[in-house]
file structure-v9.txt (compact mmCIF, C-alpha atoms and all ligand atoms)
# COMPACT_ATOMS: atom_id res chain seq x y z
CA MET C 1 -3.17 34.79 -60.72
CA THR C 2 -3.46 31.38 -62.30
CA GLU C 3 -4.57 28.72 -59.85
CA ARG C 4 -3.47 25.62 -61.75
CA ASN C 5 -0.63 24.61 -64.00
CA VAL C 6 0.16 22.36 -66.92
CA THR C 7 3.36 20.45 -67.60
CA ILE C 8 4.90 20.14 -71.05
CA LYS C 9 7.64 17.53 -70.84
CA LYS C 10 9.27 18.79 -67.62
CA LEU C 11 8.28 22.42 -68.11
CA VAL C 12 5.67 23.59 -65.61
CA ILE C 13 3.57 26.57 -66.76
CA GLY C 14 1.12 28.41 -64.55
CA HIS C 15 0.44 28.44 -60.82
CA LYS C 16 3.60 29.31 -58.84
CA ALA C 17 5.93 28.44 -61.78
CA PRO C 18 8.27 31.16 -63.11
CA ILE C 19 6.89 33.07 -66.09
CA ARG C 20 8.11 31.17 -69.13
CA ILE C 21 9.80 32.46 -72.25
CA GLU C 22 8.75 31.16 -75.65
CA SER C 23 9.64 31.79 -79.24
CA MET C 24 8.70 30.43 -82.64
CA LEU C 25 10.95 28.98 -85.31
CA LYS C 26 11.18 31.18 -88.35
CA GLU C 27 12.67 28.54 -90.61
CA SER C 28 10.64 25.81 -92.30
CA LEU C 29 11.05 22.22 -91.14
CA SER C 30 11.96 21.46 -94.75
CA SER C 31 15.33 23.20 -94.11
CA TYR C 32 16.16 20.83 -91.28
CA ASP C 33 19.73 21.94 -90.61
CA ARG C 34 18.70 25.58 -90.33
CA VAL C 35 15.78 24.69 -88.06
CA LEU C 36 18.04 22.66 -85.79
CA GLU C 37 20.59 25.46 -85.65
CA GLN C 38 17.87 27.98 -84.77
CA CYS C 39 16.51 25.67 -82.07
CA GLN C 40 19.96 25.23 -80.54
CA ALA C 41 20.51 28.99 -80.55
CA LEU C 42 17.13 29.46 -78.83
CA GLN C 43 17.99 26.87 -76.22
CA LYS C 44 21.32 28.58 -75.53
CA ALA C 45 19.50 31.91 -75.11
CA GLY C 46 17.21 30.38 -72.47
CA CYS C 47 14.08 29.73 -74.54
CA GLU C 48 11.85 27.26 -72.69
CA LEU C 49 9.18 26.36 -75.23
CA VAL C 50 9.51 26.52 -79.02
CA ARG C 51 6.54 26.75 -81.34
CA VAL C 52 7.03 25.28 -84.78
CA ALA C 53 4.75 25.58 -87.81
CA PHE C 54 3.65 22.14 -88.99
CA PRO C 55 1.81 22.85 -92.23
CA HIS C 56 2.11 19.48 -93.96
CA LYS C 57 2.38 15.83 -92.99
CA ASP C 58 5.30 15.41 -95.41
CA LEU C 59 7.34 17.20 -92.72
CA LYS C 60 6.55 14.62 -90.03
CA THR C 61 9.97 12.94 -90.27
CA GLU C 62 11.69 16.30 -89.68
CA LEU C 63 9.34 17.12 -86.79
CA SER C 64 10.01 13.78 -85.19
CA ARG C 65 13.76 14.23 -85.66
CA LEU C 66 13.64 17.67 -84.11
CA ASN C 67 11.78 16.31 -81.08
CA SER C 68 14.63 13.87 -80.51
CA ASP C 69 17.45 16.27 -81.36
CA ILE C 70 16.57 19.05 -78.88
CA ASP C 71 15.76 19.26 -75.18
CA ILE C 72 13.31 22.20 -75.28
CA PRO C 73 9.70 21.06 -75.61
CA LEU C 74 8.14 21.71 -79.01
CA MET C 75 4.63 23.01 -79.59
CA ALA C 76 3.38 22.18 -83.09
CA ASP C 77 1.35 24.97 -84.63
CA ILE C 78 -1.59 23.63 -86.64
CA HIS C 79 -4.10 25.81 -88.38
CA PHE C 80 -7.10 23.81 -89.56
CA ASP C 81 -6.31 20.16 -90.03
CA PRO C 82 -7.03 17.88 -87.03
CA ASP C 83 -5.23 14.99 -88.78
CA LEU C 84 -2.08 17.09 -88.80
CA ALA C 85 -2.42 17.68 -85.06
CA ILE C 86 -2.56 13.90 -84.59
CA GLU C 87 0.50 13.49 -86.83
CA ALA C 88 2.32 16.08 -84.70
CA MET C 89 1.55 14.14 -81.53
CA ASP C 90 2.69 10.95 -83.28
CA ALA C 91 5.93 12.78 -84.08
CA GLY C 92 6.45 13.25 -80.34
CA CYS C 93 5.23 16.82 -79.79
CA PRO C 94 4.25 17.29 -76.13
CA ALA C 95 2.11 20.32 -77.01
CA ILE C 96 0.01 21.51 -79.93
CA ARG C 97 -1.60 24.80 -80.78
CA ILE C 98 -4.92 24.44 -82.59
CA ASN C 99 -8.16 26.25 -83.25
CA PRO C 100 -10.78 23.66 -82.29
CA GLY C 101 -13.52 25.89 -83.74
CA ASN C 102 -12.22 25.11 -87.24
CA MET C 103 -12.36 21.34 -86.83
CA PRO C 104 -15.16 18.78 -87.46
CA LEU C 105 -16.40 17.57 -84.07
CA HIS C 106 -15.71 13.84 -84.57
CA LYS C 107 -12.13 14.59 -85.61
CA LEU C 108 -11.67 16.99 -82.71
CA GLN C 109 -12.91 14.29 -80.32
CA LYS C 110 -10.39 11.82 -81.71
CA LEU C 111 -7.60 14.40 -81.37
CA ILE C 112 -8.56 15.19 -77.77
CA HIS C 113 -8.69 11.50 -76.91
CA ILE C 114 -5.11 11.04 -78.16
CA ALA C 115 -3.94 14.22 -76.40
CA SER C 116 -5.45 12.95 -73.12
CA GLU C 117 -3.81 9.56 -73.45
CA ARG C 118 -0.40 11.09 -74.11
CA SER C 119 -0.68 14.01 -71.64
CA VAL C 120 -0.28 16.50 -74.48
CA VAL C 121 -1.02 20.16 -73.68
CA ILE C 122 -3.26 22.07 -76.07
CA ARG C 123 -2.97 25.80 -76.54
CA ILE C 124 -6.08 27.44 -77.93
CA GLY C 125 -6.84 31.05 -78.54
CA ALA C 126 -7.74 33.83 -80.86
CA ASN C 127 -6.12 36.86 -82.35
CA SER C 128 -7.62 40.01 -83.78
CA GLY C 129 -7.40 38.62 -87.30
CA SER C 130 -9.35 35.47 -86.49
CA ILE C 131 -12.46 36.87 -84.81
CA ASN C 132 -15.53 36.65 -87.05
CA GLY C 133 -18.45 39.00 -87.72
CA ARG C 134 -20.84 37.10 -85.44
CA GLN C 135 -18.44 37.23 -82.49
CA LEU C 136 -17.92 40.94 -83.09
CA ALA C 137 -21.66 41.62 -83.41
CA GLN C 138 -22.42 39.57 -80.27
CA SER C 139 -19.83 41.67 -78.45
CA HIS C 140 -21.46 44.91 -79.69
CA GLY C 141 -18.36 45.78 -81.68
CA ASP C 142 -16.06 45.59 -78.66
CA LYS C 143 -12.99 43.83 -80.08
CA ALA C 144 -11.54 42.84 -76.71
CA CYS C 145 -14.83 41.18 -75.75
CA ALA C 146 -15.01 39.50 -79.18
CA LEU C 147 -11.54 38.05 -78.55
CA VAL C 148 -12.68 36.72 -75.19
CA LEU C 149 -15.80 35.23 -76.78
CA ALA C 150 -13.71 33.53 -79.48
CA VAL C 151 -11.46 31.98 -76.81
CA GLU C 152 -14.45 30.92 -74.69
CA GLU C 153 -16.09 29.16 -77.63
CA GLN C 154 -12.93 27.14 -78.23
CA LEU C 155 -12.52 26.43 -74.52
CA GLN C 156 -16.06 25.07 -74.22
CA LEU C 157 -15.36 22.58 -77.03
CA LEU C 158 -12.44 21.12 -75.06
CA LEU C 159 -14.14 21.22 -71.68
CA LYS C 160 -17.15 19.32 -73.10
CA GLU C 161 -14.72 16.49 -73.82
CA ASN C 162 -13.37 16.68 -70.24
CA PHE C 163 -9.99 17.94 -71.45
CA ASN C 164 -8.29 20.49 -69.25
CA ARG C 165 -4.57 20.49 -70.05
CA ILE C 166 -5.10 23.83 -71.74
CA ILE C 167 -3.25 27.10 -72.23
CA LEU C 168 -5.31 30.08 -73.34
CA SER C 169 -4.24 32.99 -75.46
CA ALA C 170 -5.85 36.17 -76.78
CA LYS C 171 -3.73 38.51 -78.84
CA SER C 172 -4.38 41.62 -80.83
CA THR C 173 -2.22 44.13 -82.64
CA SER C 174 -3.75 46.67 -80.26
CA VAL C 175 -2.03 46.82 -76.89
CA LYS C 176 -5.16 48.11 -75.14
CA GLU C 177 -7.43 45.39 -76.59
CA THR C 178 -4.94 42.66 -75.73
CA VAL C 179 -4.56 43.83 -72.13
CA ARG C 180 -8.31 44.12 -71.62
CA ALA C 181 -9.07 40.72 -73.19
CA ASN C 182 -6.43 39.00 -71.06
CA LYS C 183 -7.63 40.71 -67.91
CA ILE C 184 -11.12 39.35 -68.50
CA LEU C 185 -9.78 35.86 -69.29
CA SER C 186 -7.54 35.76 -66.22
CA GLU C 187 -10.44 36.77 -63.97
CA ARG C 188 -12.94 34.38 -65.56
CA TYR C 189 -10.67 31.37 -66.03
CA PRO C 190 -8.01 31.30 -63.29
CA ASP C 191 -7.70 27.53 -63.82
CA PHE C 192 -5.97 27.91 -67.16
CA PRO C 193 -2.47 29.32 -67.73
CA LEU C 194 -2.34 32.27 -70.11
CA HIS C 195 0.12 32.76 -72.94
CA ILE C 196 0.58 36.49 -73.51
CA GLY C 197 2.05 38.73 -76.18
CA ILE C 198 1.18 41.34 -78.76
CA THR C 199 0.61 39.92 -82.22
CA GLU C 200 2.29 41.45 -85.29
CA ALA C 201 3.89 44.04 -83.04
CA GLY C 202 5.91 45.47 -85.93
CA PRO C 203 9.55 45.80 -86.91
CA GLY C 204 12.57 46.88 -84.87
CA LEU C 205 12.10 49.43 -82.15
CA THR C 206 8.34 49.71 -82.75
CA GLY C 207 7.84 46.00 -82.23
CA LEU C 208 9.97 45.94 -79.11
CA VAL C 209 8.27 48.91 -77.48
CA ARG C 210 4.74 47.78 -78.35
CA SER C 211 5.43 44.26 -77.10
CA ALA C 212 7.16 45.41 -73.93
CA SER C 213 4.39 47.92 -73.14
CA GLY C 214 1.61 45.39 -73.55
CA ILE C 215 3.37 42.49 -71.84
CA ALA C 216 4.53 44.65 -68.91
CA LEU C 217 1.02 46.07 -68.42
CA MET C 218 -0.33 42.53 -68.12
CA LEU C 219 2.48 41.10 -65.98
CA ALA C 220 2.25 44.05 -63.59
CA GLN C 221 -1.35 43.00 -62.90
CA GLY C 222 -0.36 39.37 -62.34
CA ILE C 223 -1.67 38.34 -65.75
CA GLY C 224 0.32 35.88 -67.88
CA ASP C 225 2.19 32.64 -67.30
CA THR C 226 4.19 32.29 -70.49
CA LEU C 227 5.10 34.92 -73.05
CA ARG C 228 6.44 35.53 -76.49
CA VAL C 229 7.80 38.84 -77.69
CA SER C 230 6.87 38.58 -81.39
CA LEU C 231 9.49 40.40 -83.42
CA THR C 232 10.20 40.62 -87.13
CA SER C 233 13.74 39.44 -86.53
CA ASP C 234 15.95 36.65 -85.23
CA PRO C 235 13.94 34.61 -82.66
CA VAL C 236 16.89 34.76 -80.23
CA LYS C 237 16.11 38.49 -79.95
CA GLU C 238 12.57 37.54 -78.89
CA VAL C 239 13.98 35.46 -76.05
CA GLU C 240 16.46 38.15 -74.99
CA ALA C 241 13.68 40.75 -75.01
CA GLY C 242 11.42 38.45 -72.99
CA TYR C 243 14.02 38.01 -70.27
CA GLU C 244 14.79 41.71 -70.30
CA ILE C 245 11.11 42.44 -69.59
CA LEU C 246 11.03 39.91 -66.74
CA ARG C 247 14.27 41.28 -65.28
CA SER C 248 13.02 44.86 -65.52
CA LEU C 249 9.87 43.92 -63.61
CA GLU C 250 11.97 41.91 -61.13
CA LEU C 251 9.93 38.83 -61.93
CA ARG C 252 12.76 36.54 -62.92
CA GLU C 253 16.54 36.45 -62.77
CA HIS C 254 18.16 35.23 -65.94
CA GLY C 255 21.66 36.35 -66.74
CA PHE C 256 23.04 39.64 -65.53
CA HIS C 257 21.55 43.09 -65.79
CA LEU C 258 23.52 45.60 -67.83
CA ILE C 259 22.77 49.25 -67.14
CA SER C 260 24.33 52.45 -68.46
CA CYS C 261 23.62 56.13 -68.04
CA PRO C 262 22.07 58.17 -70.83
CA THR C 263 25.12 60.52 -70.62
CA CYS C 264 25.04 64.30 -70.37
CA GLY C 265 27.50 67.17 -70.64
CA ARG C 266 29.50 65.73 -67.69
CA ARG C 267 30.43 62.52 -69.47
CA ARG C 268 34.13 61.69 -69.76
CA ILE C 269 33.83 58.59 -71.93
CA ASP C 270 31.84 57.34 -74.89
CA VAL C 271 29.49 55.15 -72.84
CA ALA C 272 27.75 53.49 -75.82
CA SER C 273 30.97 52.27 -77.44
CA ILE C 274 32.40 51.03 -74.12
CA VAL C 275 29.20 49.08 -73.42
CA GLU C 276 29.54 47.36 -76.81
CA ARG C 277 33.24 46.75 -76.23
CA ILE C 278 32.82 45.05 -72.84
CA LYS C 279 29.78 42.88 -73.69
CA PRO C 280 31.88 39.89 -74.85
CA TYR C 281 33.67 39.86 -71.48
CA LEU C 282 30.48 39.66 -69.45
CA LYS C 283 29.45 36.10 -70.30
CA ASP C 284 30.66 34.73 -66.94
CA VAL C 285 28.83 37.30 -64.82
CA PRO C 286 26.52 35.28 -62.52
CA ASP C 287 22.71 35.48 -62.82
CA GLY C 288 21.11 38.38 -61.04
CA LEU C 289 24.18 40.65 -60.82
CA THR C 290 24.13 44.19 -62.21
CA VAL C 291 26.93 45.67 -64.30
CA ALA C 292 26.97 49.44 -64.85
CA VAL C 293 28.81 51.69 -67.27
CA MET C 294 28.44 55.35 -66.33
CA GLY C 295 29.67 58.52 -67.97
CA CYS C 296 31.38 60.28 -65.05
CA GLU C 297 32.94 59.47 -61.69
CA VAL C 298 31.16 62.31 -59.89
CA ASN C 299 27.61 61.02 -60.22
CA GLY C 300 28.03 57.59 -61.82
CA PRO C 301 28.80 55.44 -58.74
CA ARG C 302 25.98 57.12 -56.81
CA GLU C 303 23.43 56.89 -59.63
CA ALA C 304 24.29 53.20 -60.10
CA LYS C 305 24.75 52.38 -56.43
CA ASN C 306 22.99 49.02 -56.81
CA ALA C 307 25.51 47.83 -59.38
CA ASP C 308 27.71 44.92 -58.32
CA ILE C 309 30.32 45.78 -60.92
CA GLY C 310 30.58 49.38 -62.13
CA PHE C 311 32.80 51.49 -64.34
CA ALA C 312 32.60 55.27 -64.65
CA GLY C 313 34.59 57.70 -66.78
CA SER C 314 37.20 59.73 -64.87
CA PRO C 315 39.93 62.25 -65.78
CA ALA C 316 42.49 59.40 -65.61
CA GLY C 317 40.37 56.88 -67.55
CA MET C 318 37.87 54.90 -65.48
CA VAL C 319 37.04 54.35 -61.85
CA VAL C 320 35.87 50.90 -60.78
CA PHE C 321 33.08 50.72 -58.22
CA THR C 322 30.88 48.21 -56.47
CA LYS C 323 27.64 49.02 -54.60
CA GLY C 324 28.38 52.74 -54.92
CA HIS C 325 31.94 52.57 -53.50
CA ILE C 326 34.94 53.35 -55.66
CA ILE C 327 37.45 50.53 -55.26
CA GLY C 328 40.07 51.38 -57.87
CA GLU C 329 40.97 52.82 -61.24
CA CYS C 330 41.76 51.34 -64.63
CA SER C 331 42.18 52.21 -68.26
CA ILE C 332 39.58 51.20 -70.82
CA ASP C 333 41.88 48.41 -72.03
CA GLU C 334 42.09 46.98 -68.51
CA ILE C 335 38.30 46.62 -68.12
CA PRO C 336 38.17 42.90 -69.17
CA GLU C 337 40.81 42.03 -66.58
CA LYS C 338 38.92 43.96 -63.87
CA ILE C 339 35.66 42.26 -64.80
CA ALA C 340 37.28 38.82 -64.45
CA LEU C 341 38.70 39.74 -61.01
CA LEU C 342 35.40 41.15 -59.76
CA VAL C 343 33.37 38.22 -61.08
CA ASP C 344 35.72 35.86 -59.25
CA MET C 345 35.43 37.91 -56.05
CA LEU C 346 31.63 38.09 -56.24
CA ARG C 347 31.33 34.36 -56.93
CA LYS C 348 33.43 33.58 -53.84
CA GLU C 349 31.32 35.98 -51.79
CA ARG C 350 28.13 34.28 -53.02
CA ASN C 351 29.46 30.82 -52.31
CA SER C 352 30.49 31.71 -48.76
CA ASN C 353 27.07 33.37 -48.16
CA ASN C 354 25.34 30.22 -49.42
CA LYS C 355 27.36 28.07 -47.01
CA GLU C 356 26.45 30.18 -43.98
S1 LIG L 401 26.56 59.46 -64.73
FE1 LIG L 401 27.52 61.44 -65.14
S2 LIG L 401 27.56 61.50 -67.39
FE2 LIG L 401 26.09 59.93 -66.86
S3 LIG L 401 24.14 60.99 -66.85
FE3 LIG L 401 24.90 60.95 -64.74
S4 LIG L 401 25.93 62.90 -64.52
FE4 LIG L 401 25.70 62.58 -66.74
call {"tool": "encode", "arguments": {"input": "structure-v9.txt", "output": "structure tokens", "more": "lines below"}}
Ligand code: SF4
result
Amino acid sequence: MTERNVTIKKLVIGHKAPIRIESMLKESLSSYDRVLEQCQALQKAGCELVRVAFPHKDLKTELSRLNSDIDIPLMADIHFDPDLAIEAMDAGCPAIRINPGNMPLHKLQKLIHIASERSVVIRIGANSGSINGRQLAQSHGDKACALVLAVEEQLQLLLKENFNRIILSAKSTSVKETVRANKILSERYPDFPLHIGITEAGPGLTGLVRSASGIALMLAQGIGDTLRVSLTSDPVKEVEAGYEILRSLELREHGFHLISCPTCGRRRIDVASIVERIKPYLKDVPDGLTVAVMGCEVNGPREAKNADIGFAGSPAGMVVFTKGHIIGECSIDEIPEKIALLVDMLRKERNSNNKE
């Protein structure tokens, strides 16, 4: 468990703060309108920190504009050039991600001095592609230990300059290596928040499952303060997946929880198509509530007895249930109307409970 936190703009990461959800822009700053649109979509989805590649100082005007146009804090991603990191801070970025090991010491010192003055947070870290032969040899070929060593070397460079507004990260394409490296880091350096994720997790279902497995294994051990589910797709999906992981582990409420049964020979409805059909009507469901769509009225309400709003197939169409109790019937076409009524009822219930 992390013992200290850092603050990026108003976003607290680490000790006692909720686990944060990050993503990275997939458009170049040179296509400003597309970048802004992607940022706004991420904000709407609940993204709390956005990383943005800043590969060239010619893009400083766009970076500066983006910092003023959006509310989510931006973390500029710099590879080698310390001058670019300074330009990013000049453009208003409250956080930067750098590899201090790649930078000449005098330039790194200047960068750290500016970051200290402006309370900028620096994320450092390594991934499996960036560890070198010496680090691997020193770690006797153990890639998780080599990752830790790479992070430690970067950390020492910042600590020598008395800088401690740091987030650490160690990522590998291997779930097992990533989990082990982060476990070591969290035990050795509880003072620094950890950014977690699986790098280059892969496309589609593979990427989702690999990311979720690795991230959940770490979170379940209390490791990780901020996460990114790296997917080869729309970054909004990364945010949705991140919240889904946190909801599944009961670590954070964000939006409602939609559950459905896998169906079996008892099903009376096409559960998958009904789920898709009702999704647009669920946008007003309050945070933390569970909505269930189940295949049959015999087992559905019981199997989903924790659902606040439930629908299960029945001979006459659907039964409506809440907390395991059937409270009425409806046709498939009447589901949106029922959802609106139940949401209203549950909101009133919540409000009166809050007043008591
Ligand atoms: S709710 Fe009914 S249809 Fe769905 S899995 Fe259970 S028994 Fe089968």
call {"tool": "closest_atom_pairs", "arguments": {"input": "structure-v9.txt", "of": "chain C", "to": "ligand LIG 401 (chain L)", "cutoff": "6 Å", "atoms": "all atoms listed in the file", "output": "Markdown table"}}
result
| residue | atom | partner | partner_atom | distance |
| --- | --- | --- | --- | --- |
| C:Cys261 | CA | L:LIG401 | FE2 | 4.7 |
| C:Pro262 | CA | L:LIG401 | S3 | 5.3 |
| C:Thr263 | CA | L:LIG401 | S3 | 3.9 |
| C:Cys264 | CA | L:LIG401 | FE4 | 4.1 |
| C:Arg266 | CA | L:LIG401 | S2 | 4.7 |
| C:Arg267 | CA | L:LIG401 | S2 | 3.7 |
| C:Met294 | CA | L:LIG401 | S1 | 4.8 |
| C:Gly295 | CA | L:LIG401 | S2 | 3.7 |
| C:Cys296 | CA | L:LIG401 | FE1 | 4.0 |
| C:Asn299 | CA | L:LIG401 | S1 | 4.9 |
| C:Gly300 | CA | L:LIG401 | S1 | 3.8 |
call {"tool": "residues_around", "arguments": {"input": "structure-v9.txt", "residues": "range 170-187 of chain C", "least_positions_apart": "4", "cutoff": "10 Å", "atoms": "only C-alpha atoms", "output": "ChimeraX atom specification"}}
result
/C:1-3,124-130,142-152,191-202,210-219,221-224
call {"tool": "atom_distance", "arguments": {"input": "structure-v9.txt", "atom1": "CA of Asp344 in chain C", "atom2": "CA of Ala304 in chain C"}}
result
20.8 Å
call {"tool": "closest_residue", "arguments": {"input": "structure-v9.txt", "among": "C:Asn353, C:Asn164, C:Gln154, C:Thr232", "to": "Ser116 in chain C", "atoms": "all atoms listed in the file"}}
result
C:Asn164
call {"tool": "residues_around", "arguments": {"input": "structure-v9.txt", "residues": "Ala91 in chain C", "least_positions_apart": "5", "cutoff": "12 Å", "atoms": "only C-alpha atoms", "output": "list in words"}}
result
Phe54, Lys57, Asp58, Leu59, Lys60, Thr61, Glu62, Leu63, Ser64, Arg65, Leu66, Asn67, Ser68, Leu74, Met75, Ala76, Leu84, Ala85, Ile86, Ile96 and Arg118 of chain C
call {"tool": "axis_aligned_box", "arguments": {"input": "structure-v9.txt", "around": "range 151-165 of chain C", "padding_each_side": "8 Å", "output": "lines of an AutoDock Vina configuration file"}}
result
center_x = -10.9
center_y = 24.2
center_z = -73.7
size_x = 28.6
size_y = 31.5
size_z = 25.0
call {"tool": "atom_distance", "arguments": {"input": "structure-v9.txt", "atom1": "CA of Ser352 in chain C", "atom2": "CA of Gly288 in chain C"}}
result
16.8 Å
call {"tool": "closest_residue", "arguments": {"input": "structure-v9.txt", "among": "C:Ser273, C:Ile326, C:Lys283, C:Gly317", "to": "Arg302 in chain C", "atoms": "all atoms listed in the file"}}
result
C:Ile326
call {"tool": "closest_residue", "arguments": {"input": "structure-v9.txt", "among": "C:Asp333, C:Glu22, C:Asp77, C:Asp270", "to": "Ala241 in chain C", "atoms": "only C-alpha atoms"}}
result
C:Glu22
call {"tool": "closest_residue", "arguments": {"input": "structure-v9.txt", "among": "C:Glu303, C:Asp225, C:Asp284, C:Asp234", "to": "Leu246 in chain C", "atoms": "only C-alpha atoms"}}
result
C:Asp225
call {"tool": "residues_near_point", "arguments": {"input": "structure-v9.txt", "point": "(-11.7, 25.0, -91.2)", "cutoff": "6 Å", "atoms": "only C-alpha atoms", "output": "NGL selection string"}}
result
:C and (80 or 102-103)
call {"tool": "write_last_selection", "arguments": {"input": "structure-v9.txt", "atoms": "C-alpha atoms", "output": "PDB file, keeping the file's coordinate frame"}}
result
ATOM      1  CA  PHE C  80      -7.100  23.810 -89.560  1.00  0.00           C
ATOM      2  CA  ASN C 102     -12.220  25.110 -87.240  1.00  0.00           C
ATOM      3  CA  MET C 103     -12.360  21.340 -86.830  1.00  0.00           C
TER       4      MET C 103
END
call {"tool": "atom_distance", "arguments": {"input": "structure-v9.txt", "atom1": "CA of Glu87 in chain C", "atom2": "CA of Arg51 in chain C"}}
result
15.6 Å
call {"tool": "closest_residue", "arguments": {"input": "structure-v9.txt", "among": "C:Gln109, C:Ser119, C:Ser169, C:Gln135", "to": "Leu157 in chain C", "atoms": "all atoms listed in the file"}}
result
C:Gln109
call {"tool": "closest_residue", "arguments": {"input": "structure-v9.txt", "among": "C:Ile19, C:Ile327, C:Ile122, C:Leu341", "to": "Glu250 in chain C", "atoms": "all atoms listed in the file"}}
result
C:Ile19
